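Visitor: Below you'll find final-v3.txt; it's compact mmCIF, C-alpha atoms and all ligand atoms.
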# COMPACT_ATOMS: atom_id res chain seq x y z
CA MET A 1 -2.05 -9.36 25.08
CA THR A 2 0.93 -6.97 24.94
CA LEU A 3 1.05 -3.57 23.21
CA GLU A 4 3.42 -5.05 20.61
CA GLN A 5 0.97 -7.82 19.79
CA ILE A 6 -1.90 -5.33 19.43
CA LEU A 7 0.22 -3.15 17.10
CA LEU A 8 1.30 -6.19 15.07
CA ALA A 9 -2.35 -7.27 14.70
CA LEU A 10 -3.27 -3.73 13.52
CA HIS A 11 -0.25 -3.67 11.16
CA VAL A 12 -1.21 -6.98 9.54
CA ALA A 13 -4.92 -5.98 9.41
CA GLY A 14 -3.89 -2.75 7.64
CA THR A 15 -1.94 -4.82 5.13
CA VAL A 16 -4.72 -7.33 4.47
CA LEU A 17 -7.82 -5.11 4.62
CA GLY A 18 -6.21 -1.92 3.31
CA LEU A 19 -3.38 -2.71 0.91
CA GLY A 20 -5.15 -5.92 -0.15
CA GLN A 21 -7.72 -3.75 -1.93
CA VAL A 22 -5.16 -3.31 -4.70
CA GLY A 23 -6.41 -6.71 -5.89
CA ALA A 24 -9.71 -5.07 -6.83
CA VAL A 25 -8.17 -1.97 -8.39
CA VAL A 26 -6.50 -3.72 -11.34
CA PRO A 27 -9.62 -5.53 -12.68
CA LEU A 28 -11.77 -2.45 -12.02
CA ALA A 29 -9.36 -0.19 -13.95
CA LEU A 30 -9.20 -2.74 -16.80
CA TYR A 31 -13.02 -2.70 -16.90
CA ALA A 32 -13.08 1.13 -16.80
CA ARG A 33 -10.92 1.18 -19.94
CA THR A 34 -13.74 -0.54 -21.84
CA LYS A 35 -16.35 1.98 -20.55
CA LYS A 36 -15.13 5.25 -22.08
CA GLY A 37 -16.51 8.40 -20.46
CA ASP A 38 -17.79 6.72 -17.30
CA ARG A 39 -16.83 9.38 -14.72
CA GLU A 40 -18.30 7.39 -11.82
CA LEU A 41 -15.81 4.58 -12.40
CA LEU A 42 -12.95 7.08 -12.42
CA VAL A 43 -14.20 8.59 -9.12
CA LEU A 44 -14.46 5.10 -7.59
CA LEU A 45 -10.91 4.27 -8.70
CA ARG A 46 -9.63 7.55 -7.23
CA LYS A 47 -11.29 6.66 -3.92
CA LEU A 48 -9.62 3.24 -3.97
CA PHE A 49 -6.21 4.82 -4.57
CA ALA A 50 -6.92 7.24 -1.68
CA THR A 51 -7.74 4.20 0.49
CA LEU A 52 -4.42 2.63 -0.53
CA SER A 53 -2.60 5.84 0.47
CA GLY A 54 -4.39 5.92 3.83
CA SER A 55 -3.69 2.22 4.41
CA VAL A 56 0.02 2.48 3.69
CA ALA A 57 0.23 5.47 6.08
CA PHE A 58 -1.48 3.30 8.74
CA VAL A 59 0.92 0.38 8.06
CA LEU A 60 3.88 2.79 8.28
CA VAL A 61 2.68 4.33 11.56
CA THR A 62 1.98 0.95 13.19
CA GLY A 63 5.38 -0.34 11.95
CA ILE A 64 7.17 2.62 13.57
CA ALA A 65 5.01 2.26 16.72
CA MET A 66 6.13 -1.39 17.00
CA ASP A 67 9.73 -0.19 17.06
CA PHE A 68 8.92 2.23 19.92
CA ALA A 69 6.94 -0.44 21.79
CA SER A 70 9.91 -2.83 21.56
CA HIS A 71 12.36 -0.10 22.73
CA GLY A 72 14.03 0.29 19.33
CA ALA A 73 14.52 -3.41 18.58
CA TRP A 74 13.69 -3.08 14.89
CA HIS A 75 14.82 0.19 13.36
CA ARG A 76 18.42 -0.91 12.72
CA THR A 77 17.34 -4.05 10.83
CA LEU A 78 17.49 -4.30 7.04
CA PHE A 79 13.87 -5.46 6.71
CA PHE A 80 12.59 -2.47 8.68
CA ARG A 81 14.53 0.03 6.52
CA ILE A 82 13.52 -1.62 3.24
CA GLY A 83 9.92 -1.77 4.52
CA PHE A 84 10.07 1.97 5.19
CA VAL A 85 11.22 2.68 1.61
CA ALA A 86 8.60 0.25 0.23
CA ALA A 87 5.85 2.09 2.11
CA ILE A 88 6.98 5.46 0.70
CA ALA A 89 7.07 3.93 -2.81
CA ILE A 90 3.51 2.57 -2.42
CA GLY A 91 2.32 5.97 -1.19
CA ALA A 92 3.97 7.71 -4.16
CA CYS A 93 2.44 5.27 -6.70
CA ALA A 94 -1.05 5.65 -5.19
CA GLY A 95 -0.68 9.46 -5.08
CA ILE A 96 0.46 9.70 -8.71
CA ALA A 97 -2.31 7.36 -9.94
CA GLY A 98 -4.99 9.29 -8.00
CA SER A 99 -3.76 12.62 -9.32
CA LYS A 100 -3.66 11.37 -12.96
CA LEU A 101 -7.25 10.13 -12.64
CA LYS A 102 -8.35 13.42 -11.07
CA LYS A 103 -6.86 15.50 -13.89
CA ALA A 104 -8.10 13.17 -16.65
CA ASP A 105 -10.52 14.56 -19.23
CA ALA A 106 -12.08 12.82 -22.24
CA SER A 107 -8.84 13.02 -24.25
CA SER A 108 -6.50 11.81 -21.49
CA GLU A 109 -8.78 9.29 -19.73
CA GLN A 110 -7.35 6.18 -21.45
CA ALA A 111 -3.75 7.23 -20.76
CA ALA A 112 -4.61 7.96 -17.10
CA LEU A 113 -6.24 4.53 -16.75
CA GLY A 114 -3.18 2.88 -18.35
CA THR A 115 -0.93 4.62 -15.80
CA ALA A 116 -3.31 3.63 -12.97
CA ILE A 117 -3.23 -0.04 -14.04
CA THR A 118 0.58 -0.07 -14.20
CA LEU A 119 0.95 1.66 -10.82
CA ALA A 120 -1.64 -0.65 -9.18
CA ARG A 121 0.37 -3.64 -10.43
CA VAL A 122 3.57 -2.09 -9.06
CA ILE A 123 1.81 -1.57 -5.68
CA ALA A 124 0.68 -5.23 -5.69
CA VAL A 125 4.24 -6.46 -6.36
CA ILE A 126 5.77 -4.17 -3.68
CA THR A 127 3.12 -5.32 -1.17
CA LEU A 128 3.85 -8.97 -1.94
CA LEU A 129 7.63 -8.51 -1.64
CA SER A 130 7.21 -6.46 1.57
CA THR A 131 5.08 -9.21 3.12
CA LEU A 132 7.79 -11.77 2.30
CA LEU A 133 10.42 -9.43 3.71
CA MET A 134 8.48 -8.84 6.95
CA VAL A 135 7.87 -12.57 7.49
CA LEU A 136 11.47 -13.64 6.73
CA LYS A 137 13.01 -10.63 8.54
CA PRO A 138 16.48 -10.76 6.91
CA GLY A 139 19.11 -8.76 8.80
C1 LIG B 201 5.01 -1.87 2.84
C2 LIG B 201 4.12 -2.67 3.24
C3 LIG B 201 4.22 -3.59 4.45
C4 LIG B 201 3.68 -4.82 4.51
C5 LIG B 201 2.89 -5.53 3.42
C6 LIG B 201 3.99 -5.35 5.83
C7 LIG B 201 3.58 -6.58 6.30
C8 LIG B 201 3.95 -7.14 7.50
C9 LIG B 201 3.56 -8.44 7.98
C10 LIG B 201 2.64 -9.41 7.23
C11 LIG B 201 4.16 -8.64 9.17
C12 LIG B 201 4.03 -9.86 10.08
C13 LIG B 201 5.24 -10.75 9.91
C14 LIG B 201 5.35 -11.83 10.95
O1 LIG B 201 4.96 -11.60 12.12
O2 LIG B 201 5.86 -12.93 10.62
C15 LIG B 201 4.95 -7.45 9.47
C16 LIG B 201 5.75 -7.28 10.58
C17 LIG B 201 6.47 -6.15 10.87
N1 LIG B 201 6.47 -4.97 10.15
FE1 LIG B 201 5.60 -4.68 8.36
N2 LIG B 201 4.71 -4.41 6.52
C18 LIG B 201 4.89 -3.32 5.72
C19 LIG B 201 5.54 -2.13 6.03
C20 LIG B 201 6.21 -1.90 7.23
C21 LIG B 201 6.86 -0.67 7.58
C22 LIG B 201 6.85 0.56 6.69
C23 LIG B 201 7.41 -0.85 8.81
C24 LIG B 201 8.19 0.10 9.65
C25 LIG B 201 8.62 1.28 9.26
C26 LIG B 201 7.14 -2.20 9.24
C27 LIG B 201 7.55 -2.78 10.41
C28 LIG B 201 7.29 -4.07 10.80
C29 LIG B 201 7.85 -4.70 11.99
C30 LIG B 201 8.81 -4.05 12.99
C31 LIG B 201 7.34 -6.01 12.03
C32 LIG B 201 7.69 -7.11 13.03
C33 LIG B 201 6.89 -7.07 14.27
C34 LIG B 201 7.07 -8.33 15.10
O3 LIG B 201 7.38 -9.42 14.57
O4 LIG B 201 6.90 -8.21 16.31
N3 LIG B 201 6.38 -2.80 8.24
N4 LIG B 201 4.78 -6.56 8.44
Using structure tokens, write down the structure from this file.

Guide:
Amino acid sequence: MTLEQILLALHVAGTVLGLGQVGAVVPLALYARTKKGDRELLVLLRKLFATLSGSVAFVLVTGIAMDFASHGAWHRTLFFRIGFVAAIAIGACAGIAGSKLKKADASSEQAALGTAITLARVIAVITLLSTLLMVLKPG
């Protein structure tokens, strides 16, 4: 097994096991909206958004490491550059959602959950499009 193959396996594992958790965030946040004042659910959601941030950082680092391991074969390609921007966008969405949930009090909890649901959906769509992009490798 080559270094590139190991990095690719880690990259895909980070996508599936890490970013894939967004699939649990949306239903959990929808449920939290029906349980007003449940701080534990808000803490759990914040932890999940922190996991998404950590996962996208891992995916980004392994993606860049693959470029180094292949002596710069990827960084001029369109898919690599769009993937880079997609990763930053996912990180920003997860960061904003986590911060809204952290600052939420009784009066702003529902609004914070609404934002978290929207941003989790955006993360899911970006992850899906990025996966397609990485598999098809245009440019
Ligand atoms: C944003 C979320 C991302 C997702 C969901 C994702 C997903 C994937 C998947 C599923 C593959 C395997 C494709 C295949 O082998 O057919 C892949 C490959 C790859 N990804 Fe990503 N990726 C993401 C972000 C990034 C970033 C930020 C970079 C670099 C900055 C990157 C660089 C690469 C490279 C270079 C490959 C090709 C490696 C090879 O075929 O040897 N990815 N990605």

Visitor: Starting from the point (1.2, -7.2, -1.5), work out which residues of protein, DNA or RNA have an atom no more than 12 Å away when counting only C-alpha atoms; state them as a ChimeraX atom specification.

Guide: /A:12,14-23,52,56,83,86-87,90,120-134

Visitor: Would you kindly return, as a PyMOL selection string, each protein, DNA or RNA residue with an atom no farther than 6 Å from any atom of stretch 75-82 of chain A, considering only C-alpha atoms and excluding same-chain residues fewer than 6 positions away?

Guide: chain A and resi 137-139

Visitor: Looking at A:Leu41, A:Ala112, A:Ile96, A:Met66, which one is nearest to ligand LIG 201 (chain B), with distances taken over all atoms listed in the file?

Guide: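 Going through A:Leu41, A:Ala112, A:Ile96, A:Met66 one by one, the smallest distance to ligand LIG 201 (chain B) is for A:Met66.
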
Visitor: Would you kindly return, as a PyMOL selection string, each protein, DNA or RNA residue with an atom no farther than 12 Å from any atom of A:Lys100, considering only C-alpha atoms and excluding same-chain residues fewer than 4 positions away?

Guide: chain A and resi 42-43+45-46+49+93-96+104-105+108-117+119

Visitor: Quick check, in Å to one decimal: how far apart do atom CA of A:Ala9 and atom CA of A:Lys47 lie?

Guide: 24.9 Å

Visitor: Record the distance separating atom CA of A:Lys102 and atom CA of A:Ala13, expressed in Å with one decimal.

Guide: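 A separation of 28.4 Å between them.
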
Visitor: Hey, could you pull the box centre and edge lengths for ligand LIG 201 (chain B), axis-aligned, 6 Å padding per side, all listed atoms, to one decimal in Å, as AutoDock Vina command-line options?

Guide:
--center_x 5.7 --center_y -5.8 --center_z 9.6 --size_x 18.2 --size_y 26.2 --size_z 25.5

Visitor: Which of these residues is nearest to ligand LIG 201 (chain B), using all atoms listed in the file: A:Leu48, A:Ala24, A:Ile6, A:Ala29?

Guide: A:Ile6

Visitor: Which residue, A:Arg33, A:Arg39, A:His71, A:Lys103, has the smallest gap to A:Glu4 when you use only C-alpha atoms?

Guide: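 Nearest candidate to A:Glu4 out of A:Arg33, A:Arg39, A:His71, A:Lys103: A:His71.
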
Visitor: May I have the residues within 10 Å of A:Ile64 as a VMD selection string, using all atoms listed in the file and disregarding those fewer than 5 positions away in the same chain?

Guide: chain A and resid 7 58 to 59 69 72 74 to 75 80 84
